[in-house]
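Shown below: target-v9.tsv, with TSV, C-alpha atoms.
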chain	number	residue	atom	x	y	z
A	1	MET	CA	-28.56	70.20	-45.06
A	2	PRO	CA	-28.04	69.41	-48.77
A	3	GLY	CA	-28.10	72.49	-50.98
A	4	LYS	CA	-27.63	74.89	-48.09
A	5	ASN	CA	-25.00	77.61	-47.98
A	6	VAL	CA	-22.74	77.95	-44.97
A	7	LEU	CA	-20.48	80.89	-44.18
A	8	ILE	CA	-17.71	80.22	-41.66
A	9	VAL	CA	-16.27	83.38	-40.14
A	10	TYR	CA	-12.99	82.16	-38.72
A	11	ALA	CA	-10.57	84.04	-36.48
A	12	HIS	CA	-7.40	82.19	-35.55
A	13	GLN	CA	-3.83	82.99	-36.52
A	14	GLU	CA	-2.66	79.35	-36.59
A	15	PRO	CA	-4.03	76.78	-39.08
A	16	LYS	CA	-2.86	73.95	-36.77
A	17	SER	CA	-4.83	75.30	-33.81
A	18	MET	CA	-7.88	73.68	-32.25
A	19	ASN	CA	-9.94	76.41	-33.89
A	20	GLY	CA	-8.36	75.59	-37.25
A	21	SER	CA	-9.23	71.93	-36.76
A	22	LEU	CA	-12.79	72.69	-35.75
A	23	LYS	CA	-13.17	74.82	-38.88
A	24	ASN	CA	-11.75	72.04	-41.07
A	25	ILE	CA	-14.00	69.42	-39.52
A	26	ALA	CA	-17.03	71.63	-40.04
A	27	VAL	CA	-16.08	72.00	-43.71
A	28	ASP	CA	-15.67	68.23	-44.15
A	29	VAL	CA	-18.88	67.27	-42.41
A	30	LEU	CA	-21.00	69.95	-44.06
A	31	GLN	CA	-19.61	69.27	-47.53
A	32	LYS	CA	-20.43	65.60	-47.10
A	33	GLN	CA	-23.97	66.68	-46.31
A	34	GLY	CA	-24.09	68.56	-49.60
A	35	CYS	CA	-23.61	72.09	-48.30
A	36	SER	CA	-21.66	74.81	-50.09
A	37	ILE	CA	-19.10	76.43	-47.82
A	38	ILE	CA	-17.57	79.87	-47.91
A	39	ILE	CA	-14.85	80.76	-45.39
A	40	SER	CA	-13.89	84.24	-44.26
A	41	ASP	CA	-10.47	83.61	-42.72
A	42	LEU	CA	-10.11	87.00	-41.04
A	43	TYR	CA	-6.41	86.95	-40.12
A	44	SER	CA	-5.40	85.61	-43.54
A	45	MET	CA	-7.55	88.30	-45.15
A	46	ASN	CA	-5.89	90.86	-42.88
A	47	PHE	CA	-9.44	92.00	-42.25
A	48	ASN	CA	-9.69	95.61	-41.13
A	49	ALA	CA	-11.46	95.79	-37.76
A	50	ALA	CA	-11.79	99.55	-37.32
A	51	ALA	CA	-14.99	101.38	-38.23
A	52	THR	CA	-13.81	104.51	-40.04
A	53	ARG	CA	-14.74	107.05	-42.71
A	54	ASN	CA	-12.95	104.84	-45.22
A	55	ASP	CA	-15.88	102.44	-45.03
A	56	ILE	CA	-17.85	104.91	-47.14
A	57	THR	CA	-16.62	105.59	-50.65
A	58	GLY	CA	-17.52	108.92	-52.16
A	59	GLU	CA	-19.03	111.86	-50.32
A	60	LEU	CA	-20.34	111.74	-46.80
A	61	CYS	CA	-23.81	113.03	-45.93
A	62	ASN	CA	-22.28	115.17	-43.19
A	63	PRO	CA	-18.50	115.45	-43.43
A	64	GLN	CA	-18.51	118.15	-40.71
A	65	HIS	CA	-19.87	115.75	-38.13
A	66	PHE	CA	-19.13	112.11	-38.85
A	67	ARG	CA	-21.64	109.60	-37.55
A	68	TYR	CA	-20.53	106.08	-38.42
A	69	GLY	CA	-23.92	104.39	-38.09
A	70	ALA	CA	-25.86	107.00	-40.04
A	71	GLU	CA	-23.24	107.27	-42.77
A	72	THR	CA	-22.89	103.54	-43.32
A	73	MET	CA	-26.68	103.13	-43.42
A	74	GLU	CA	-26.88	105.76	-46.18
A	75	ALA	CA	-23.87	104.29	-47.97
A	76	PHE	CA	-25.52	100.89	-47.94
A	77	LYS	CA	-28.67	102.31	-49.53
A	78	LYS	CA	-26.63	104.11	-52.19
A	79	GLY	CA	-24.35	101.13	-52.78
A	80	VAL	CA	-21.21	103.04	-51.81
A	81	LEU	CA	-19.88	100.99	-48.92
A	82	CYS	CA	-16.26	99.97	-49.35
A	83	GLU	CA	-15.32	96.82	-51.18
A	84	ASP	CA	-14.44	94.54	-48.25
A	85	ILE	CA	-17.74	95.22	-46.48
A	86	LEU	CA	-19.71	94.62	-49.69
A	87	LYS	CA	-17.95	91.29	-50.23
A	88	GLU	CA	-18.79	90.11	-46.73
A	89	GLN	CA	-22.39	91.26	-47.07
A	90	GLU	CA	-22.72	89.21	-50.27
A	91	LYS	CA	-21.53	86.15	-48.33
A	92	VAL	CA	-24.04	86.84	-45.55
A	93	LYS	CA	-26.87	87.31	-48.05
A	94	VAL	CA	-26.51	83.84	-49.53
A	95	ALA	CA	-25.74	82.09	-46.24
A	96	ASP	CA	-28.37	79.89	-44.61
A	97	LEU	CA	-26.05	79.30	-41.66
A	98	ILE	CA	-23.21	81.45	-40.32
A	99	ILE	CA	-20.66	79.75	-38.06
A	100	PHE	CA	-18.41	81.98	-35.95
A	101	GLN	CA	-15.27	80.00	-35.08
A	102	PHE	CA	-12.97	81.73	-32.59
A	103	PRO	CA	-11.03	81.58	-29.34
A	104	LEU	CA	-12.67	83.58	-26.55
A	105	TYR	CA	-10.67	86.77	-25.85
A	106	TRP	CA	-11.74	88.58	-22.68
A	107	TYR	CA	-15.12	86.79	-22.62
A	108	SER	CA	-15.96	87.87	-26.15
A	109	PHE	CA	-14.91	87.84	-29.79
A	110	PRO	CA	-11.31	88.63	-30.75
A	111	ALA	CA	-11.22	92.24	-31.98
A	112	ILE	CA	-10.79	91.21	-35.61
A	113	MET	CA	-14.11	89.33	-35.44
A	114	LYS	CA	-15.80	92.10	-33.47
A	115	GLY	CA	-14.74	94.37	-36.31
A	116	TRP	CA	-16.37	92.04	-38.83
A	117	ILE	CA	-19.63	92.32	-36.90
A	118	ASP	CA	-19.34	96.08	-36.36
A	119	ARG	CA	-18.63	96.77	-40.04
A	120	VAL	CA	-20.64	94.13	-41.94
A	121	PHE	CA	-23.91	94.28	-39.99
A	122	VAL	CA	-24.83	97.75	-41.22
A	123	GLN	CA	-28.25	99.20	-40.41
A	124	GLY	CA	-30.55	98.65	-43.38
A	125	PHE	CA	-28.67	95.48	-44.29
A	126	ALA	CA	-28.64	93.42	-41.09
A	127	PHE	CA	-31.23	95.16	-38.93
A	128	ASP	CA	-33.57	98.08	-38.85
A	129	PHE	CA	-36.23	99.67	-36.70
A	130	PRO	CA	-38.87	98.55	-36.19
A	131	GLY	CA	-38.42	94.91	-37.03
A	132	CYS	CA	-35.61	93.36	-35.06
A	133	TYR	CA	-34.87	89.74	-34.29
A	134	ASP	CA	-37.78	87.50	-35.39
A	135	THR	CA	-38.95	90.01	-37.95
A	136	GLY	CA	-35.51	91.35	-38.83
A	137	LEU	CA	-33.57	91.41	-42.07
A	138	LEU	CA	-31.54	88.32	-41.19
A	139	LYS	CA	-34.53	86.20	-40.19
A	140	ASP	CA	-34.52	82.59	-41.42
A	141	LYS	CA	-30.73	82.50	-41.18
A	142	LEU	CA	-29.09	80.35	-38.53
A	143	ALA	CA	-25.99	81.25	-36.54
A	144	LEU	CA	-23.65	79.13	-34.46
A	145	LEU	CA	-20.98	80.33	-32.06
A	146	SER	CA	-18.19	77.75	-31.89
A	147	PHE	CA	-15.41	78.88	-29.58
A	148	THR	CA	-12.61	77.65	-27.41
A	149	THR	CA	-11.67	79.01	-23.99
A	150	GLY	CA	-8.33	79.40	-22.26
A	151	GLY	CA	-9.87	78.48	-18.93
A	152	THR	CA	-11.54	75.49	-17.34
A	153	GLU	CA	-15.24	74.69	-17.54
A	154	GLU	CA	-15.55	75.61	-13.86
A	155	MET	CA	-14.26	79.14	-14.43
A	156	PHE	CA	-17.09	79.82	-16.85
A	157	SER	CA	-19.85	78.28	-14.71
A	158	LYS	CA	-22.50	80.20	-12.79
A	159	ASP	CA	-20.51	80.26	-9.56
A	160	GLY	CA	-17.12	80.36	-11.25
A	161	MET	CA	-14.63	83.21	-11.31
A	162	ARG	CA	-15.92	84.54	-14.60
A	163	GLY	CA	-19.63	83.79	-14.28
A	164	ASP	CA	-21.92	81.85	-16.56
A	165	ILE	CA	-20.64	81.98	-20.13
A	166	ARG	CA	-24.19	81.43	-21.39
A	167	MET	CA	-25.12	84.83	-19.97
A	168	ALA	CA	-22.27	86.72	-21.65
B	169	MET	CA	-7.80	113.32	-6.89
B	170	PRO	CA	-4.83	115.72	-6.88
B	171	GLY	CA	-1.60	114.10	-8.01
B	172	LYS	CA	-3.35	111.12	-9.56
B	173	ASN	CA	-2.76	109.86	-13.08
B	174	VAL	CA	-5.69	109.21	-15.39
B	175	LEU	CA	-5.57	107.36	-18.69
B	176	ILE	CA	-8.50	107.96	-21.02
B	177	VAL	CA	-8.86	105.29	-23.70
B	178	TYR	CA	-11.08	107.00	-26.22
B	179	ALA	CA	-12.72	105.48	-29.29
B	180	HIS	CA	-14.74	107.84	-31.45
B	181	GLN	CA	-14.05	108.98	-35.00
B	182	GLU	CA	-15.56	112.45	-34.55
B	183	PRO	CA	-14.12	115.06	-32.15
B	184	LYS	CA	-17.48	116.89	-32.13
B	185	SER	CA	-19.39	113.79	-31.01
B	186	MET	CA	-21.02	113.29	-27.62
B	187	ASN	CA	-18.16	110.91	-26.82
B	188	GLY	CA	-15.65	113.59	-27.77
B	189	SER	CA	-17.40	116.07	-25.49
B	190	LEU	CA	-17.53	113.62	-22.61
B	191	LYS	CA	-13.80	113.02	-23.02
B	192	ASN	CA	-13.08	116.77	-23.09
B	193	ILE	CA	-15.21	117.41	-20.02
B	194	ALA	CA	-13.45	114.61	-18.15
B	195	VAL	CA	-10.09	116.18	-19.03
B	196	ASP	CA	-11.23	119.64	-17.84
B	197	VAL	CA	-12.73	118.45	-14.58
B	198	LEU	CA	-9.90	116.10	-13.69
B	199	GLN	CA	-7.19	118.63	-14.54
B	200	LYS	CA	-8.91	121.17	-12.28
B	201	GLN	CA	-8.71	118.56	-9.54
B	202	GLY	CA	-4.95	118.31	-10.09
B	203	CYS	CA	-4.82	115.07	-12.05
B	204	SER	CA	-2.40	114.33	-14.87
B	205	ILE	CA	-4.20	113.07	-17.97
B	206	ILE	CA	-2.99	110.87	-20.77
B	207	ILE	CA	-5.31	110.18	-23.72
B	208	SER	CA	-5.12	107.23	-26.07
B	209	ASP	CA	-7.24	108.44	-28.98
B	210	LEU	CA	-7.48	105.11	-30.77
B	211	TYR	CA	-8.86	106.20	-34.16
B	212	SER	CA	-6.42	109.12	-34.38
B	213	MET	CA	-3.61	106.74	-33.48
B	214	ASN	CA	-4.88	104.34	-36.14
B	215	PHE	CA	-4.52	101.75	-33.40
B	216	ASN	CA	-4.10	98.22	-34.72
B	217	ALA	CA	-6.85	95.98	-33.32
B	218	ALA	CA	-5.72	92.57	-34.58
B	219	ALA	CA	-3.73	90.20	-32.40
B	220	THR	CA	-1.02	88.84	-34.69
B	221	ARG	CA	2.53	87.50	-34.80
B	222	ASN	CA	3.70	91.07	-35.42
B	223	ASP	CA	3.00	91.81	-31.76
B	224	ILE	CA	6.16	89.89	-30.91
B	225	THR	CA	9.45	91.26	-32.19
B	226	GLY	CA	12.26	88.78	-32.67
B	227	GLU	CA	11.93	85.02	-32.59
B	228	LEU	CA	8.84	83.14	-31.49
B	229	CYS	CA	9.06	80.36	-28.90
B	230	ASN	CA	7.19	78.07	-31.26
B	231	PRO	CA	6.99	79.42	-34.83
B	232	GLN	CA	5.59	76.07	-36.02
B	233	HIS	CA	2.48	76.44	-33.91
B	234	PHE	CA	1.62	80.01	-33.05
B	235	ARG	CA	-0.21	80.58	-29.77
B	236	TYR	CA	-0.95	84.26	-29.28
B	237	GLY	CA	-1.43	84.18	-25.52
B	238	ALA	CA	1.64	82.09	-24.76
B	239	GLU	CA	3.87	84.01	-27.16
B	240	THR	CA	2.85	87.45	-25.91
B	241	MET	CA	3.32	86.35	-22.28
B	242	GLU	CA	6.88	85.25	-23.09
B	243	ALA	CA	7.51	88.36	-25.15
B	244	PHE	CA	6.37	90.52	-22.24
B	245	LYS	CA	8.82	88.77	-19.91
B	246	LYS	CA	11.66	89.19	-22.41
B	247	GLY	CA	10.70	92.78	-23.24
B	248	VAL	CA	10.14	92.01	-26.91
B	249	LEU	CA	6.54	93.03	-27.38
B	250	CYS	CA	6.02	95.46	-30.24
B	251	GLU	CA	6.31	99.18	-29.71
B	252	ASP	CA	2.64	100.19	-29.69
B	253	ILE	CA	1.76	97.62	-27.03
B	254	LEU	CA	4.72	98.67	-24.87
B	255	LYS	CA	3.66	102.31	-25.08
B	256	GLU	CA	0.13	101.51	-23.95
B	257	GLN	CA	1.39	99.29	-21.14
B	258	GLU	CA	3.54	102.18	-19.88
B	259	LYS	CA	0.42	104.34	-19.76
B	260	VAL	CA	-1.49	101.66	-17.87
B	261	LYS	CA	1.37	101.18	-15.40
B	262	VAL	CA	1.32	104.80	-14.23
B	263	ALA	CA	-2.48	105.17	-14.33
B	264	ASP	CA	-4.46	105.27	-11.10
B	265	LEU	CA	-7.69	105.44	-13.07
B	266	ILE	CA	-8.48	104.24	-16.58
B	267	ILE	CA	-11.56	105.69	-18.29
B	268	PHE	CA	-12.91	103.88	-21.33
B	269	GLN	CA	-14.92	106.36	-23.40
B	270	PHE	CA	-16.82	104.83	-26.30
B	271	PRO	CA	-20.12	104.35	-28.13
B	272	LEU	CA	-21.63	100.91	-27.59
B	273	TYR	CA	-21.30	98.77	-30.73
B	274	TRP	CA	-23.34	95.58	-30.64
B	275	TYR	CA	-23.62	95.68	-26.83
B	276	SER	CA	-19.86	95.93	-26.37
B	277	PHE	CA	-16.70	97.87	-27.18
B	278	PRO	CA	-16.04	99.03	-30.74
B	279	ALA	CA	-13.52	96.61	-32.28
B	280	ILE	CA	-10.68	99.13	-32.11
B	281	MET	CA	-11.11	99.31	-28.32
B	282	LYS	CA	-11.58	95.56	-27.99
B	283	GLY	CA	-8.25	95.27	-29.78
B	284	TRP	CA	-6.64	97.59	-27.25
B	285	ILE	CA	-7.83	95.29	-24.47
B	286	ASP	CA	-6.89	92.09	-26.32
B	287	ARG	CA	-3.37	93.32	-27.11
B	288	VAL	CA	-2.39	95.49	-24.13
B	289	PHE	CA	-3.65	93.29	-21.28
B	290	VAL	CA	-1.05	90.58	-21.83
B	291	GLN	CA	-0.75	87.72	-19.35
B	292	GLY	CA	2.07	88.50	-16.92
B	293	PHE	CA	1.39	92.22	-17.30
B	294	ALA	CA	-2.33	92.61	-16.58
B	295	PHE	CA	-3.23	89.27	-15.02
B	296	ASP	CA	-1.83	85.92	-14.10
B	297	PHE	CA	-2.79	82.68	-12.41
B	298	PRO	CA	-3.32	82.35	-9.55
B	299	GLY	CA	-4.05	85.88	-8.43
B	300	CYS	CA	-6.85	87.43	-10.43
B	301	TYR	CA	-9.06	90.37	-9.63
B	302	ASP	CA	-8.53	91.52	-5.99
B	303	THR	CA	-5.03	90.09	-5.89
B	304	GLY	CA	-4.21	90.67	-9.54
B	305	LEU	CA	-1.53	92.73	-11.23
B	306	LEU	CA	-3.83	95.70	-11.82
B	307	LYS	CA	-5.14	95.85	-8.26
B	308	ASP	CA	-5.45	99.33	-6.75
B	309	LYS	CA	-6.23	100.79	-10.16
B	310	LEU	CA	-9.70	102.09	-10.85
B	311	ALA	CA	-11.60	101.75	-14.12
B	312	LEU	CA	-14.65	103.54	-15.43
B	313	LEU	CA	-16.73	102.60	-18.46
B	314	SER	CA	-18.29	105.74	-19.93
B	315	PHE	CA	-20.34	104.95	-23.00
B	316	THR	CA	-23.19	106.17	-25.15
B	317	THR	CA	-25.91	103.99	-26.67
B	318	GLY	CA	-27.80	104.27	-29.93
B	319	GLY	CA	-30.97	103.03	-28.25
B	320	THR	CA	-33.35	104.18	-25.57
B	321	GLU	CA	-32.95	103.47	-21.87
B	322	GLU	CA	-35.89	101.07	-22.10
B	323	MET	CA	-34.16	98.91	-24.73
B	324	PHE	CA	-31.30	98.24	-22.33
B	325	SER	CA	-33.47	97.52	-19.28
B	326	LYS	CA	-34.08	94.12	-17.75
B	327	ASP	CA	-37.29	93.51	-19.70
B	328	GLY	CA	-36.17	95.45	-22.76
B	329	MET	CA	-35.36	94.12	-26.20
B	330	ARG	CA	-31.65	93.87	-25.46
B	331	GLY	CA	-31.73	92.90	-21.80
B	332	ASP	CA	-30.09	94.55	-18.82
B	333	ILE	CA	-26.97	96.44	-19.89
B	334	ARG	CA	-25.54	96.03	-16.39
B	335	MET	CA	-25.35	92.28	-16.99
B	336	ALA	CA	-23.47	92.56	-20.29
Let me see the file written as structure tokens.
Amino acid sequence: MPGKNVLIVYAHQEPKSMNGSLKNIAVDVLQKQGCSIIISDLYSMNFNAAATRNDITGELCNPQHFRYGAETMEAFKKGVLCEDILKEQEKVKVADLIIFQFPLYWYSFPAIMKGWIDRVFVQGFAFDFPGCYDTGLLKDKLALLSFTTGGTEEMFSKDGMRGDIRMA
Amino acid sequence: MPGKNVLIVYAHQEPKSMNGSLKNIAVDVLQKQGCSIIISDLYSMNFNAAATRNDITGELCNPQHFRYGAETMEAFKKGVLCEDILKEQEKVKVADLIIFQFPLYWYSFPAIMKGWIDRVFVQGFAFDFPGCYDTGLLKDKLALLSFTTGGTEEMFSKDGMRGDIRMA
């Protein structure tokens, strides 16, 4: 994919981990193909996972009754989201492909990565109504979930203890 | 349930929200039934969602290659998990019922609550192998997911845009 931009959202505490290696290999291979890579290394960034009032700078629309979704949507329109969200949104904007690299925690993203999704994918920026999915604001971008599990393949199969991972 | 202990893990920023009301009603009703209630109000507690080395106090088993799951399991056994995890584990230990009260964020828990699960349910404390689920360490405890959605009932139905919420 020469000339394409790739954002790797990476959530592992240990550079020498399997996840760290998978991230490094992705960088090598994609750079050789002529891609530009940006990495959001969430633990190194000490990325804040919690969706709070601090995500909006300046005045709230309704400080008496805080609604996170409504306030961040308005803040996005006015350009008053906080700095770390804006930075991540800039990375998403230019990305043709987003790779999520993480170890599965309780059948899902580690909280730090869930927080990236909760906070960065603000309504008006990442989605809106009507016009989701095929007609949505992130259309034409690709995404890849690359994750490791602490269990065996069998545990994550249809009849396994944890059910089919592809349905999660 | 007279004499029973209930832990409410609550994740909403706004006391006047629907989630806040549902939490308050649960407290009222359960107290009238003779239950003891403990609330973990995650945003008010500024609960840390990220799973890091700081969750282990003292020396790591392998500081050269940090493995969160292995290190926290050992730290649990040695009693050297960090204070906020220990406090939550004490609440879980005495709870007969745990209620998770939250707004659905991207079809799942808000990150701050995902972090509570990631960090509190340490191997050796909440689960182990073999012996999961019916024979696991949290057997005989009840759990209830009480959550609000930003979408319509139809969106979360089997043929809806987001698929069947009961399969999530």
What are the nearest atom pairs, with distances in Å to one decimal, for all residues of chain A that come at most 6 Å from chain B, using all atoms listed in the file, set out by chain and rising residue number as JSON lines?
{"residue": "A:Glu14", "atom": "CA", "partner": "B:Phe234", "partner_atom": "CA", "distance": 5.6}
{"residue": "A:Ala49", "atom": "CA", "partner": "B:Ala279", "partner_atom": "CA", "distance": 5.9}
{"residue": "A:Ala50", "atom": "CA", "partner": "B:Ile280", "partner_atom": "CA", "distance": 5.3}
{"residue": "A:Phe66", "atom": "CA", "partner": "B:Glu182", "partner_atom": "CA", "distance": 5.6}
{"residue": "A:Ala111", "atom": "CA", "partner": "B:Gly283", "partner_atom": "CA", "distance": 4.8}
{"residue": "A:Ile112", "atom": "CA", "partner": "B:Ala218", "partner_atom": "CA", "distance": 5.3}
{"residue": "A:Lys114", "atom": "CA", "partner": "B:Ala279", "partner_atom": "CA", "distance": 5.2}
{"residue": "A:Gly115", "atom": "CA", "partner": "B:Ala279", "partner_atom": "CA", "distance": 4.8}
Mind checking which residues fall within 8 Å of segment 98-102 of chain A, counting all atoms listed in the file, ignoring those fewer than 3 positions away in the same chain, and posting them as a list in words?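 That gives Val6, Leu7, Ile8, Val9, Tyr10, Ala11, His12, Asn19, Leu22, Lys23, Val92, Ala95, Phe109, Pro110, Lys141, Leu142, Ala143, Leu144, Leu145, Ser146, Phe147 and Thr148 of chain A.
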Between atom CA of Ala238 of chain B and atom CA of Asp296 of chain B, what is the distance in Å, rounded to a tenth?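 So the answer is 11.8 Å.
Nearest to Ala26 of chain A of all the residues A:Met73, A:Ile165, A:Leu97, A:Cys61 is A:Leu97, based on all atoms listed in the file.
Between atom CA of Ile193 of chain B and atom CA of Ile206 of chain B the separation is 13.9 Å.
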Record the distance separating atom CA of Gly124 of chain A and atom CA of Glu90 of chain A, expressed in Å with one decimal.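 A separation of 14.1 Å between them.
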Could you please fill out segment 135-156 of chain A with N, CA and C atoms and send it back as a compact mmCIF listing (two decimals), in the coordinates of the input?
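Dumped everything to result12.txt:
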# COMPACT_ATOMS: atom_id res chain seq x y z
N THR A 135 -38.43 89.39 -36.74
CA THR A 135 -38.95 90.01 -37.95
C THR A 135 -37.85 90.79 -38.68
N GLY A 136 -36.62 90.56 -38.30
CA GLY A 136 -35.51 91.35 -38.83
C GLY A 136 -35.03 90.91 -40.20
N LEU A 137 -34.05 91.63 -40.71
CA LEU A 137 -33.57 91.41 -42.07
C LEU A 137 -32.78 90.11 -42.21
N LEU A 138 -32.29 89.58 -41.11
CA LEU A 138 -31.54 88.32 -41.19
C LEU A 138 -32.39 87.14 -40.72
N LYS A 139 -33.67 87.31 -40.64
CA LYS A 139 -34.53 86.20 -40.19
C LYS A 139 -34.41 85.03 -41.17
N ASP A 140 -34.64 83.84 -40.66
CA ASP A 140 -34.52 82.59 -41.42
C ASP A 140 -33.07 82.16 -41.63
N LYS A 141 -32.12 82.96 -41.16
CA LYS A 141 -30.73 82.50 -41.18
C LYS A 141 -30.40 81.92 -39.81
N LEU A 142 -29.54 80.93 -39.80
CA LEU A 142 -29.09 80.35 -38.53
C LEU A 142 -27.68 80.85 -38.23
N ALA A 143 -27.35 80.90 -36.93
CA ALA A 143 -25.99 81.25 -36.54
C ALA A 143 -25.53 80.29 -35.45
N LEU A 144 -24.24 80.01 -35.45
CA LEU A 144 -23.65 79.13 -34.46
C LEU A 144 -22.35 79.75 -33.96
N LEU A 145 -22.24 79.88 -32.65
CA LEU A 145 -20.98 80.33 -32.06
C LEU A 145 -20.19 79.10 -31.65
N SER A 146 -19.05 78.89 -32.24
CA SER A 146 -18.19 77.75 -31.89
C SER A 146 -16.87 78.33 -31.41
N PHE A 147 -16.62 78.22 -30.10
CA PHE A 147 -15.41 78.88 -29.58
C PHE A 147 -14.70 78.04 -28.54
N THR A 148 -13.43 78.32 -28.42
CA THR A 148 -12.61 77.65 -27.41
C THR A 148 -12.32 78.65 -26.29
N THR A 149 -12.00 78.13 -25.11
CA THR A 149 -11.67 79.01 -23.99
C THR A 149 -10.27 78.68 -23.48
N GLY A 150 -9.64 79.65 -22.87
CA GLY A 150 -8.33 79.40 -22.26
C GLY A 150 -8.47 78.91 -20.83
N GLY A 151 -9.68 78.87 -20.32
CA GLY A 151 -9.87 78.48 -18.93
C GLY A 151 -10.62 77.16 -18.81
N THR A 152 -10.83 76.75 -17.59
CA THR A 152 -11.54 75.49 -17.34
C THR A 152 -13.05 75.72 -17.40
N GLU A 153 -13.78 74.61 -17.52
CA GLU A 153 -15.24 74.69 -17.54
C GLU A 153 -15.75 75.38 -16.28
N GLU A 154 -15.11 75.06 -15.15
CA GLU A 154 -15.55 75.61 -13.86
C GLU A 154 -15.48 77.14 -13.84
N MET A 155 -14.43 77.68 -14.44
CA MET A 155 -14.26 79.14 -14.43
C MET A 155 -15.41 79.85 -15.12
N PHE A 156 -16.02 79.19 -16.08
CA PHE A 156 -17.09 79.82 -16.85
C PHE A 156 -18.48 79.36 -16.40
